[in-house]
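K.L.:
Shown below is the structure under consideration.
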There are 2 protein chains.
Amino acid sequence: MPNEDISEAKRASGRVTISVDAMGGDMGPATVVAGLAISASKNPDIGYILHGPEDELRPLVKKKQLENRCEIRDAKGVVTMQDKPSQVMRHGKDTSMWSAVEAVRNGDAQACVSCGNTGALMAISMIRLRKIEGINRPAIACLWPSINPGGFNIMLDVGADVRADEDDLMQYALMGASYARNGLDLQRPRIGLLNVGTEENKGRAELKVAHEMIARAAPRADFDFVGFVEGGDIPSDRVDVIVTDGFTGNIALKTGEGTASTIRMLLKEAFQYSPLSRIAALLALTSLQRLKKRIDPRRVNGGVFLGLNGTVVKSHGSSDSLGVASAVHLAFRLAQSGFTERLAARVASATELAQDDTESGQKGKNE
Amino acid sequence: MPNEDISEAKRASGRVTISVDAMGGDMGPATVVAGLAISASKNPDIGYILHGPEDELRPLVKKKQLENRCEIRDAKGVVTMQDKPSQVMRHGKDTSMWSAVEAVRNGDAQACVSCGNTGALMAISMIRLRKIEGINRPAIACLWPSINPGGFNIMLDVGADVRADEDDLMQYALMGASYARNGLDLQRPRIGLLNVGTEENKGRAELKVAHEMIARAAPRADFDFVGFVEGGDIPSDRVDVIVTDGFTGNIALKTGEGTASTIRMLLKEAFQYSPLSRIAALLALTSLQRLKKRIDPRRVNGGVFLGLNGTVVKSHGSSDSLGVASAVHLAFRLAQSGFTERLAARVASATELAQDDTESGQKGKNE
């Protein structure tokens, strides 16, 4: 069994192994394999386990000369974008997505990447990896291009669940802070709670309660709480982590992406308008490419599922090879930092502290 | 009483009169008066009633030579951005904002413009102008730069109320359609309901119900219902009117503005980066200015309050003179089209139809 030999070799060499779902993205498996080729050429420390129909994947992997870096695990079934999560949970065991998550569950890989159906990926991840003890609702966190020195802010939840009560928002703050430490190297991240105004009396009832809870937790949880932030603060340097429910977060994320791509389109039109503007575009090429790179959604490709016993990165359904490589890089970085274990430890410690608070509160009342 | 004479003259000449709150914006009354000067120079058919401390406004109006176009109504009090709407409702009768709304209520002006505190302006407008019969929650509608031929989409509610149930969303669809007809000259606007996916089974419960209600109302209410739309569709040509609750709409609006202004800043940096890129910026100046104009938030300045017996336009708190002029122009356009009356008629007709539906439905059940 040559595949197992490869896995053995990887483990022995101290490599990080990333489990990759080859199917389910809009662009097909050739794009995913091309993404692995980019990743492999940049980073010698990653090994891959690729999941999907072996007869389809084998020639693609061979063509990119990835045979020594990439194990293939045969899985005939494919989760489509139209499949309902509940169906996939019941009947999806033969799919590449299931197999990709399973490789993290059984310890063969340290993190998983998929371009497929978000709802199905979350459902499979929930039942196979299970929630971290103490976490009620897992969340999806995205990176948002910002004017912060690091170039990115984190926002969560951007779509794991359309609901979130005050306890969930409190947990999102903890998880987002942990992600900022391990994914962005921010030792003391600034957390903001998304609302329609920055005054403490504004917004929905659960937001006011969450505001109090997060403010109380901040000193012990090693983050700064900047209070309520507004939509305009998301790309700003006021904040590193923006906490919100999955409905609002998803709308904000897609609105930001839509606005950026509309402006890119208009900018392109502007430069093609006249001969003079075409010459200008040539002269400004380097500067414009730097800008383009800065706001390129492919560079920040990868929603990370937080709150599970294992790292899962959801790449855009329409990811091209660069997008796939970027999602793999993020998965690698989080796996290498031992993110899942650190997050679990943070949540456990916060839960203990909250219990202490409650107990001493009750004690206080009884006295 | 010279002021009344001016009003008389305006009415006789068929001019539209716009009532303008001079105070409460971040830039002060001089900017508001400068905005009126821009408006006055472009449009001979508008007269103005300006509200605020007369001794402060008189020299500003004189300096801009607007004495013949602009009546001043003395109001000593100012609503600040920090004032709570509930306080203003009880104690705000002496403020310029109150006076500005009052001029619409008593028929001296056909529409009102203010750069002040949104919550207070909505509260005063609600108690003085009253809701249109049949409307439960008034909404604030904004114009959103889009790639539609007209250049704008409409989104509502962007912040009148953080809640909206299915009935409210249904009314927002009717009000938004009416605004699109009268403000953007779209005879058969396309309405979309903002959600986290376009499949009918996605999102919150009230959205699924609202989806059914709006679909049912569409044929009789003279609009096309395109179903659920996502954040990325807001600046698109899939839709003309985006319906959502005031919490989500406000977050989306500010996220879009924040994204656009971040990109503008990065673009400016990109062009200042090297001597070559600076030359490029010069060559592309015309094209870039056209783009800048296209996405300039000042051009679309003005949230319109919908569902009240009178037109109120809320200008950005930080509006400069161009922004004020743009808000006044929007108010003029809506006043001239008899927007309020048309909207009320639409709502009345929809309410009748809904009652017919319910009655025939009950009849059907009884048979």
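Every chain in the structure tokens has a letter given in the order shown (A, B, ...), and although residue numbers restart at 1 in each chain, ligands are simply numbered from 1 in the order shown.
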Could you write out chain A as a CSV table (one decimal) with C-alpha atoms, in the first residue's frame once it has been least-squares superposed on chain B using every ordered C-alpha pair?
P.N.:
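Ended up saving to part-v9.csv:
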```
chain,number,residue,atom,x,y,z
A,1,MET,CA,-43.8,90.4,7.6
A,2,PRO,CA,-41.5,90.1,4.6
A,3,ASN,CA,-41.0,86.4,5.1
A,4,GLU,CA,-44.6,85.6,4.4
A,5,ASP,CA,-44.5,87.7,1.3
A,6,ILE,CA,-41.7,85.6,0.0
A,7,SER,CA,-43.7,82.4,0.8
A,8,GLU,CA,-46.6,83.9,-1.0
A,9,ALA,CA,-44.5,84.8,-4.0
A,10,LYS,CA,-43.2,81.3,-4.1
A,11,ARG,CA,-46.6,79.6,-4.0
A,12,ALA,CA,-47.8,81.9,-6.8
A,13,SER,CA,-44.9,81.2,-9.0
A,14,GLY,CA,-45.4,77.4,-8.8
A,15,ARG,CA,-42.0,76.9,-7.1
A,16,VAL,CA,-41.3,73.9,-4.9
A,17,THR,CA,-40.3,75.0,-1.4
A,18,ILE,CA,-37.8,72.9,0.5
A,19,SER,CA,-37.6,73.2,4.3
A,20,VAL,CA,-34.0,73.0,5.4
A,21,ASP,CA,-32.6,72.4,9.0
A,22,ALA,CA,-29.5,74.6,9.1
A,23,MET,CA,-28.2,73.0,12.3
A,24,GLY,CA,-27.1,69.7,13.7
A,25,GLY,CA,-24.7,68.6,10.9
A,26,ASP,CA,-21.0,68.1,11.7
A,27,MET,CA,-20.0,71.0,9.4
A,28,GLY,CA,-22.2,73.7,10.8
A,29,PRO,CA,-24.7,76.1,9.2
A,30,ALA,CA,-22.2,77.8,6.8
A,31,THR,CA,-21.9,74.5,4.9
A,32,VAL,CA,-25.6,74.1,4.7
A,33,VAL,CA,-26.1,77.6,3.3
A,34,ALA,CA,-23.2,76.9,0.8
A,35,GLY,CA,-25.2,73.8,-0.2
A,36,LEU,CA,-28.3,75.9,-0.8
A,37,ALA,CA,-26.2,78.3,-2.9
A,38,ILE,CA,-25.1,75.4,-5.2
A,39,SER,CA,-28.7,74.2,-5.4
A,40,ALA,CA,-30.1,77.7,-6.1
A,41,SER,CA,-27.6,78.3,-8.9
A,42,LYS,CA,-28.5,75.0,-10.6
A,43,ASN,CA,-32.3,75.0,-10.1
A,44,PRO,CA,-34.4,78.2,-10.4
A,45,ASP,CA,-37.5,76.3,-9.4
A,46,ILE,CA,-36.7,75.8,-5.7
A,47,GLY,CA,-37.4,78.2,-2.8
A,48,TYR,CA,-36.0,77.5,0.6
A,49,ILE,CA,-37.1,77.9,4.2
A,50,LEU,CA,-34.1,77.8,6.5
A,51,HIS,CA,-34.4,77.0,10.2
A,52,GLY,CA,-32.0,77.9,13.0
A,53,PRO,CA,-30.8,80.9,15.0
A,54,GLU,CA,-31.7,83.9,12.9
A,55,ASP,CA,-28.8,86.1,14.0
A,56,GLU,CA,-26.4,83.4,12.9
A,57,LEU,CA,-28.1,82.5,9.6
A,58,ARG,CA,-28.9,86.0,8.4
A,59,PRO,CA,-25.2,87.0,7.5
A,60,LEU,CA,-24.6,83.6,5.9
A,61,VAL,CA,-27.6,83.9,3.7
A,62,LYS,CA,-26.7,87.5,2.8
A,63,LYS,CA,-23.1,86.5,2.0
A,64,LYS,CA,-24.4,83.9,-0.5
A,65,GLN,CA,-26.9,86.4,-1.9
A,66,LEU,CA,-29.8,84.1,-1.2
A,67,GLU,CA,-32.1,86.6,0.4
A,68,ASN,CA,-34.6,86.4,-2.4
A,69,ARG,CA,-34.7,82.7,-2.5
A,70,CYS,CA,-34.5,81.8,1.2
A,71,GLU,CA,-36.8,82.6,4.1
A,72,ILE,CA,-35.3,82.3,7.5
A,73,ARG,CA,-37.3,80.9,10.5
A,74,ASP,CA,-35.8,81.6,13.8
A,75,ALA,CA,-35.3,78.5,16.1
A,76,LYS,CA,-32.8,78.8,19.0
A,77,GLY,CA,-32.6,75.2,19.9
A,78,VAL,CA,-30.2,72.7,18.3
A,79,VAL,CA,-30.6,68.9,18.3
A,80,THR,CA,-27.1,67.4,18.8
A,81,MET,CA,-25.9,64.0,17.6
A,82,GLN,CA,-25.8,62.9,21.3
A,83,ASP,CA,-29.5,63.8,22.1
A,84,LYS,CA,-31.8,60.9,22.6
A,85,PRO,CA,-34.8,60.8,20.3
A,86,SER,CA,-37.2,60.4,23.3
A,87,GLN,CA,-35.8,63.6,24.9
A,88,VAL,CA,-36.1,65.5,21.6
A,89,MET,CA,-39.7,64.4,21.2
A,90,ARG,CA,-40.6,65.8,24.6
A,91,HIS,CA,-38.4,68.9,24.9
A,92,GLY,CA,-37.4,69.7,21.3
A,93,LYS,CA,-40.1,72.1,20.1
A,94,ASP,CA,-37.8,75.0,20.0
A,95,THR,CA,-35.2,73.3,17.8
A,96,SER,CA,-34.4,74.0,14.1
A,97,MET,CA,-35.1,70.3,13.3
A,98,TRP,CA,-38.6,70.5,14.8
A,99,SER,CA,-39.3,73.8,13.0
A,100,ALA,CA,-38.0,72.3,9.7
A,101,VAL,CA,-40.4,69.3,9.9
A,102,GLU,CA,-43.3,71.6,11.1
A,103,ALA,CA,-43.0,73.6,7.8
A,104,VAL,CA,-43.9,70.4,5.9
A,105,ARG,CA,-46.7,69.6,8.3
A,106,ASN,CA,-48.4,72.9,7.9
A,107,GLY,CA,-47.9,73.0,4.1
A,108,ASP,CA,-45.4,75.8,3.8
A,109,ALA,CA,-42.9,73.5,2.3
A,110,GLN,CA,-43.3,70.3,0.2
A,111,ALA,CA,-40.3,68.4,1.6
A,112,CYS,CA,-37.7,68.7,4.4
A,113,VAL,CA,-33.9,68.2,4.5
A,114,SER,CA,-31.8,67.8,7.7
A,115,CYS,CA,-28.1,66.7,8.3
A,116,GLY,CA,-28.9,66.2,12.0
A,117,ASN,CA,-29.4,63.2,14.3
A,118,THR,CA,-31.2,60.5,12.4
A,119,GLY,CA,-33.1,59.0,15.3
A,120,ALA,CA,-34.4,62.4,16.5
A,121,LEU,CA,-35.4,63.4,12.9
A,122,MET,CA,-37.3,60.2,12.5
A,123,ALA,CA,-39.0,60.6,16.0
A,124,ILE,CA,-40.0,64.2,15.2
A,125,SER,CA,-41.2,63.2,11.7
A,126,MET,CA,-43.3,60.4,13.1
A,127,ILE,CA,-45.1,62.5,15.7
A,128,ARG,CA,-45.6,65.6,13.5
A,129,LEU,CA,-46.2,64.1,10.1
A,130,ARG,CA,-47.7,60.8,11.3
A,131,LYS,CA,-47.5,57.5,9.5
A,132,ILE,CA,-49.4,56.9,6.3
A,133,GLU,CA,-52.6,54.9,7.0
A,134,GLY,CA,-51.8,51.2,6.7
A,135,ILE,CA,-48.0,51.6,7.4
A,136,ASN,CA,-46.7,49.9,10.5
A,137,ARG,CA,-43.0,50.9,10.5
A,138,PRO,CA,-41.7,53.7,8.4
A,139,ALA,CA,-38.3,53.0,6.7
A,140,ILE,CA,-35.3,54.9,5.5
A,141,ALA,CA,-34.3,54.3,1.9
A,142,CYS,CA,-30.9,55.0,0.5
A,143,LEU,CA,-29.6,55.2,-3.1
A,144,TRP,CA,-26.7,52.8,-3.8
A,145,PRO,CA,-24.3,53.3,-6.7
A,146,SER,CA,-24.9,50.4,-9.0
A,147,ILE,CA,-24.1,49.2,-12.5
A,148,ASN,CA,-27.7,49.6,-13.5
A,149,PRO,CA,-28.3,51.9,-16.4
A,150,GLY,CA,-29.6,54.6,-14.1
A,151,GLY,CA,-26.5,54.3,-11.9
A,152,PHE,CA,-28.4,53.6,-8.6
A,153,ASN,CA,-30.2,51.0,-6.7
A,154,ILE,CA,-32.5,51.7,-3.8
A,155,MET,CA,-32.1,49.9,-0.4
A,156,LEU,CA,-34.5,50.0,2.5
A,157,ASP,CA,-34.7,50.0,5.5
A,158,VAL,CA,-31.2,51.3,6.3
A,159,GLY,CA,-31.8,52.2,9.9
A,160,ALA,CA,-35.3,53.5,10.9
A,161,ASP,CA,-35.9,50.5,13.0
A,162,VAL,CA,-33.6,47.5,14.0
A,163,ARG,CA,-36.6,45.1,13.7
A,164,ALA,CA,-38.8,44.2,10.8
A,165,ASP,CA,-41.3,41.3,10.5
A,166,GLU,CA,-42.8,39.8,7.4
A,167,ASP,CA,-45.6,42.4,7.2
A,168,ASP,CA,-43.0,45.2,7.5
A,169,LEU,CA,-40.8,43.7,4.8
A,170,MET,CA,-43.9,43.4,2.5
A,171,GLN,CA,-44.6,47.1,3.1
A,172,TYR,CA,-41.0,48.0,2.4
A,173,ALA,CA,-41.3,46.3,-1.0
A,174,LEU,CA,-44.4,48.5,-1.8
A,175,MET,CA,-42.7,51.7,-0.6
A,176,GLY,CA,-39.4,50.9,-2.3
A,177,ALA,CA,-41.3,50.3,-5.6
A,178,SER,CA,-43.1,53.6,-5.2
A,179,TYR,CA,-39.8,55.4,-4.5
A,180,ALA,CA,-38.2,53.7,-7.6
A,181,ARG,CA,-41.0,54.9,-9.8
A,182,ASN,CA,-41.0,58.5,-8.5
A,183,GLY,CA,-37.3,59.0,-7.6
A,184,LEU,CA,-35.7,56.9,-10.4
A,185,ASP,CA,-38.3,56.9,-13.1
A,186,LEU,CA,-38.5,53.1,-13.2
A,187,GLN,CA,-42.0,52.1,-14.2
A,188,ARG,CA,-41.7,48.5,-13.3
A,189,PRO,CA,-38.9,48.2,-10.7
A,190,ARG,CA,-37.4,44.8,-9.8
A,191,ILE,CA,-37.6,44.0,-6.1
A,192,GLY,CA,-35.2,41.7,-4.2
A,193,LEU,CA,-35.3,40.5,-0.6
A,194,LEU,CA,-31.9,40.5,1.0
A,195,ASN,CA,-30.8,37.1,2.4
A,196,VAL,CA,-27.8,34.9,2.9
A,197,GLY,CA,-28.5,32.8,-0.1
A,198,THR,CA,-30.8,32.7,-3.1
A,199,GLU,CA,-32.5,29.4,-2.4
A,200,GLU,CA,-36.0,29.6,-1.1
A,201,ASN,CA,-35.3,27.5,2.0
A,202,LYS,CA,-32.5,29.7,3.3
A,203,GLY,CA,-32.3,32.3,6.0
A,204,ARG,CA,-34.5,33.4,8.8
A,205,ALA,CA,-38.1,32.3,9.2
A,206,GLU,CA,-39.7,35.8,8.6
A,207,LEU,CA,-37.8,36.1,5.3
A,208,LYS,CA,-39.4,32.9,4.0
A,209,VAL,CA,-42.9,34.2,4.8
A,210,ALA,CA,-42.0,37.7,3.3
A,211,HIS,CA,-40.8,35.9,0.2
A,212,GLU,CA,-44.2,34.4,-0.3
A,213,MET,CA,-46.1,37.6,0.5
A,214,ILE,CA,-44.1,39.8,-1.9
A,215,ALA,CA,-44.2,37.2,-4.7
A,216,ARG,CA,-48.0,37.1,-4.3
A,217,ALA,CA,-48.3,40.9,-4.3
A,218,ALA,CA,-46.0,41.5,-7.3
A,219,PRO,CA,-48.4,41.1,-10.2
A,220,ARG,CA,-51.0,43.6,-8.9
A,221,ALA,CA,-48.4,46.0,-7.4
A,222,ASP,CA,-46.7,46.6,-10.7
A,223,PHE,CA,-43.2,45.4,-9.8
A,224,ASP,CA,-41.1,42.3,-10.6
A,225,PHE,CA,-40.0,40.2,-7.7
A,226,VAL,CA,-36.6,38.6,-8.3
A,227,GLY,CA,-36.7,36.7,-5.0
A,228,PHE,CA,-33.8,36.5,-2.6
A,229,VAL,CA,-30.7,38.5,-3.4
A,230,GLU,CA,-27.3,38.4,-1.6
A,231,GLY,CA,-25.0,41.2,-0.4
A,232,GLY,CA,-23.1,41.0,-3.7
A,233,ASP,CA,-26.2,41.8,-5.6
A,234,ILE,CA,-26.7,45.2,-4.0
A,235,PRO,CA,-24.6,47.1,-6.5
A,236,SER,CA,-25.6,44.8,-9.4
A,237,ASP,CA,-28.1,45.0,-12.3
A,238,ARG,CA,-30.1,42.1,-11.1
A,239,VAL,CA,-32.4,44.3,-9.0
A,240,ASP,CA,-33.5,47.9,-8.5
A,241,VAL,CA,-34.8,47.8,-4.9
A,242,ILE,CA,-33.3,45.8,-2.1
A,243,VAL,CA,-35.6,45.1,0.8
A,244,THR,CA,-34.2,44.3,4.3
A,245,ASP,CA,-34.6,45.1,8.0
A,246,GLY,CA,-33.0,48.3,9.4
A,247,PHE,CA,-30.3,46.5,11.3
A,248,THR,CA,-29.0,44.5,8.3
A,249,GLY,CA,-29.5,47.4,5.9
A,250,ASN,CA,-27.5,49.8,8.1
A,251,ILE,CA,-24.6,47.4,8.4
A,252,ALA,CA,-24.6,46.7,4.7
A,253,LEU,CA,-24.7,50.4,3.8
A,254,LYS,CA,-21.8,51.3,6.1
A,255,THR,CA,-19.8,48.3,5.0
A,256,GLY,CA,-20.2,49.3,1.4
A,257,GLU,CA,-19.3,52.9,2.2
A,258,GLY,CA,-16.3,51.8,4.2
A,259,THR,CA,-15.1,49.4,1.5
A,260,ALA,CA,-15.4,52.1,-1.2
A,261,SER,CA,-13.5,54.7,0.9
A,262,THR,CA,-10.8,52.2,1.8
A,263,ILE,CA,-10.3,51.4,-1.9
A,264,ARG,CA,-10.3,55.2,-2.8
A,265,MET,CA,-7.6,55.7,-0.2
A,266,LEU,CA,-5.5,52.8,-1.4
A,267,LEU,CA,-5.9,54.0,-5.0
A,268,LYS,CA,-4.7,57.4,-4.1
A,269,GLU,CA,-1.7,55.9,-2.3
A,270,ALA,CA,-1.0,53.8,-5.4
A,271,PHE,CA,-0.8,56.8,-7.6
A,272,GLN,CA,1.4,58.7,-5.3
A,273,TYR,CA,3.9,55.8,-5.0
A,274,SER,CA,6.4,56.7,-7.7
A,275,PRO,CA,7.1,59.5,-10.1
A,276,LEU,CA,5.9,57.3,-12.9
A,277,SER,CA,2.6,56.6,-11.2
A,278,ARG,CA,2.2,60.3,-10.5
A,279,ILE,CA,2.5,61.0,-14.3
A,280,ALA,CA,0.0,58.2,-14.9
A,281,ALA,CA,-2.4,59.8,-12.5
A,282,LEU,CA,-2.2,63.1,-14.5
A,283,LEU,CA,-2.8,61.3,-17.8
A,284,ALA,CA,-5.8,59.4,-16.4
A,285,LEU,CA,-7.2,62.4,-14.5
A,286,THR,CA,-10.4,62.7,-16.6
A,287,SER,CA,-11.1,59.0,-16.4
A,288,LEU,CA,-10.4,58.8,-12.7
A,289,GLN,CA,-12.5,61.8,-12.0
A,290,ARG,CA,-15.4,60.3,-13.9
A,291,LEU,CA,-15.0,57.1,-11.8
A,292,LYS,CA,-14.7,59.2,-8.6
A,293,LYS,CA,-17.9,61.0,-9.5
A,294,ARG,CA,-19.6,57.7,-10.1
A,295,ILE,CA,-18.8,56.3,-6.7
A,296,ASP,CA,-18.9,59.6,-4.8
A,297,PRO,CA,-21.1,59.2,-1.8
A,298,ARG,CA,-22.0,62.9,-1.8
A,299,ARG,CA,-23.8,62.4,-5.1
A,300,VAL,CA,-26.2,59.9,-3.5
A,301,ASN,CA,-26.5,61.8,-0.3
A,302,GLY,CA,-29.9,61.5,1.2
A,303,GLY,CA,-31.8,58.8,3.0
A,304,VAL,CA,-35.5,59.3,2.3
A,305,PHE,CA,-38.0,58.5,5.1
A,306,LEU,CA,-40.8,56.4,3.6
A,307,GLY,CA,-44.2,55.8,5.0
A,308,LEU,CA,-44.9,59.3,6.5
A,309,ASN,CA,-47.4,62.0,5.4
A,310,GLY,CA,-44.6,64.2,4.0
A,311,THR,CA,-41.2,63.8,2.4
A,312,VAL,CA,-38.2,64.0,4.7
A,313,VAL,CA,-34.6,63.6,3.4
A,314,LYS,CA,-31.9,62.8,5.9
A,315,SER,CA,-28.5,64.1,4.6
A,316,HIS,CA,-25.2,62.6,6.0
A,317,GLY,CA,-24.1,64.2,9.3
A,318,SER,CA,-20.8,64.9,7.6
A,319,SER,CA,-22.2,66.3,4.4
A,320,ASP,CA,-20.3,69.1,2.7
A,321,SER,CA,-22.0,71.7,0.6
A,322,LEU,CA,-22.2,69.4,-2.4
A,323,GLY,CA,-23.8,66.7,-0.3
A,324,VAL,CA,-26.4,69.2,1.0
A,325,ALA,CA,-27.1,70.3,-2.5
A,326,SER,CA,-27.6,66.7,-3.6
A,327,ALA,CA,-30.0,66.0,-0.7
A,328,VAL,CA,-32.0,69.2,-1.6
A,329,HIS,CA,-32.2,68.1,-5.2
A,330,LEU,CA,-33.6,64.7,-4.2
A,331,ALA,CA,-36.2,66.4,-2.0
A,332,PHE,CA,-37.1,68.6,-4.8
A,333,ARG,CA,-37.5,65.7,-7.2
A,334,LEU,CA,-39.7,63.8,-4.9
A,335,ALA,CA,-41.8,66.8,-4.0
A,336,GLN,CA,-42.3,67.7,-7.6
A,337,SER,CA,-43.5,64.2,-8.5
A,338,GLY,CA,-46.1,64.2,-5.7
A,339,PHE,CA,-44.4,61.2,-4.2
A,340,THR,CA,-46.1,61.1,-0.8
A,341,GLU,CA,-49.6,61.1,-2.3
A,342,ARG,CA,-48.7,58.4,-4.8
A,343,LEU,CA,-47.1,56.2,-2.1
A,344,ALA,CA,-50.2,56.6,0.1
A,345,ALA,CA,-52.4,55.6,-2.8
A,346,ARG,CA,-50.3,52.5,-3.5
A,347,VAL,CA,-50.4,51.4,0.1
A,348,ALA,CA,-54.2,52.0,0.3
A,349,SER,CA,-54.8,49.9,-2.8
A,350,ALA,CA,-52.5,47.1,-1.6
A,351,THR,CA,-54.2,47.0,1.7
A,352,GLU,CA,-57.6,46.7,0.0
A,353,LEU,CA,-56.3,43.9,-2.2
A,354,ALA,CA,-54.9,42.1,0.8
A,355,GLN,CA,-58.3,42.4,2.5
A,356,ASP,CA,-60.0,41.1,-0.6
A,357,ASP,CA,-57.6,38.2,-0.6
A,358,THR,CA,-58.3,37.5,3.1
A,359,GLU,CA,-62.0,37.8,2.6
A,360,SER,CA,-62.2,35.6,-0.5
A,361,GLY,CA,-59.8,33.2,1.3
A,362,GLN,CA,-62.2,33.0,4.3
A,363,LYS,CA,-65.1,32.8,2.0
A,364,GLY,CA,-63.4,29.9,0.2
A,365,LYS,CA,-62.9,28.2,3.5
A,366,ASN,CA,-66.5,28.7,4.6
A,367,GLU,CA,-67.8,27.3,1.4
```
K.L.:
Among range 150-226 of chain A, which ones does DSSP assign to strand (DSSP E) (computed from the backbone)? Answer as a list in words.
P.N.:
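Reading the DSSP output for range 150-226 of chain A, strand (DSSP E) covers Phe152, Asn153, Ile154, Met155, Leu156, Arg190, Ile191, Gly192, Leu193, Leu194, Asp224, Phe225 and Val226 of chain A.
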K.L.:
Please report, as number ranges by chain, each residue of range 146-339 of chain A to which DSSP assigns alpha helix (DSSP H) when run on this structure's backbone.
P.N.:
A: 166-184, 205-217, 246-271, 275-283, 285-294, 321-336, 339
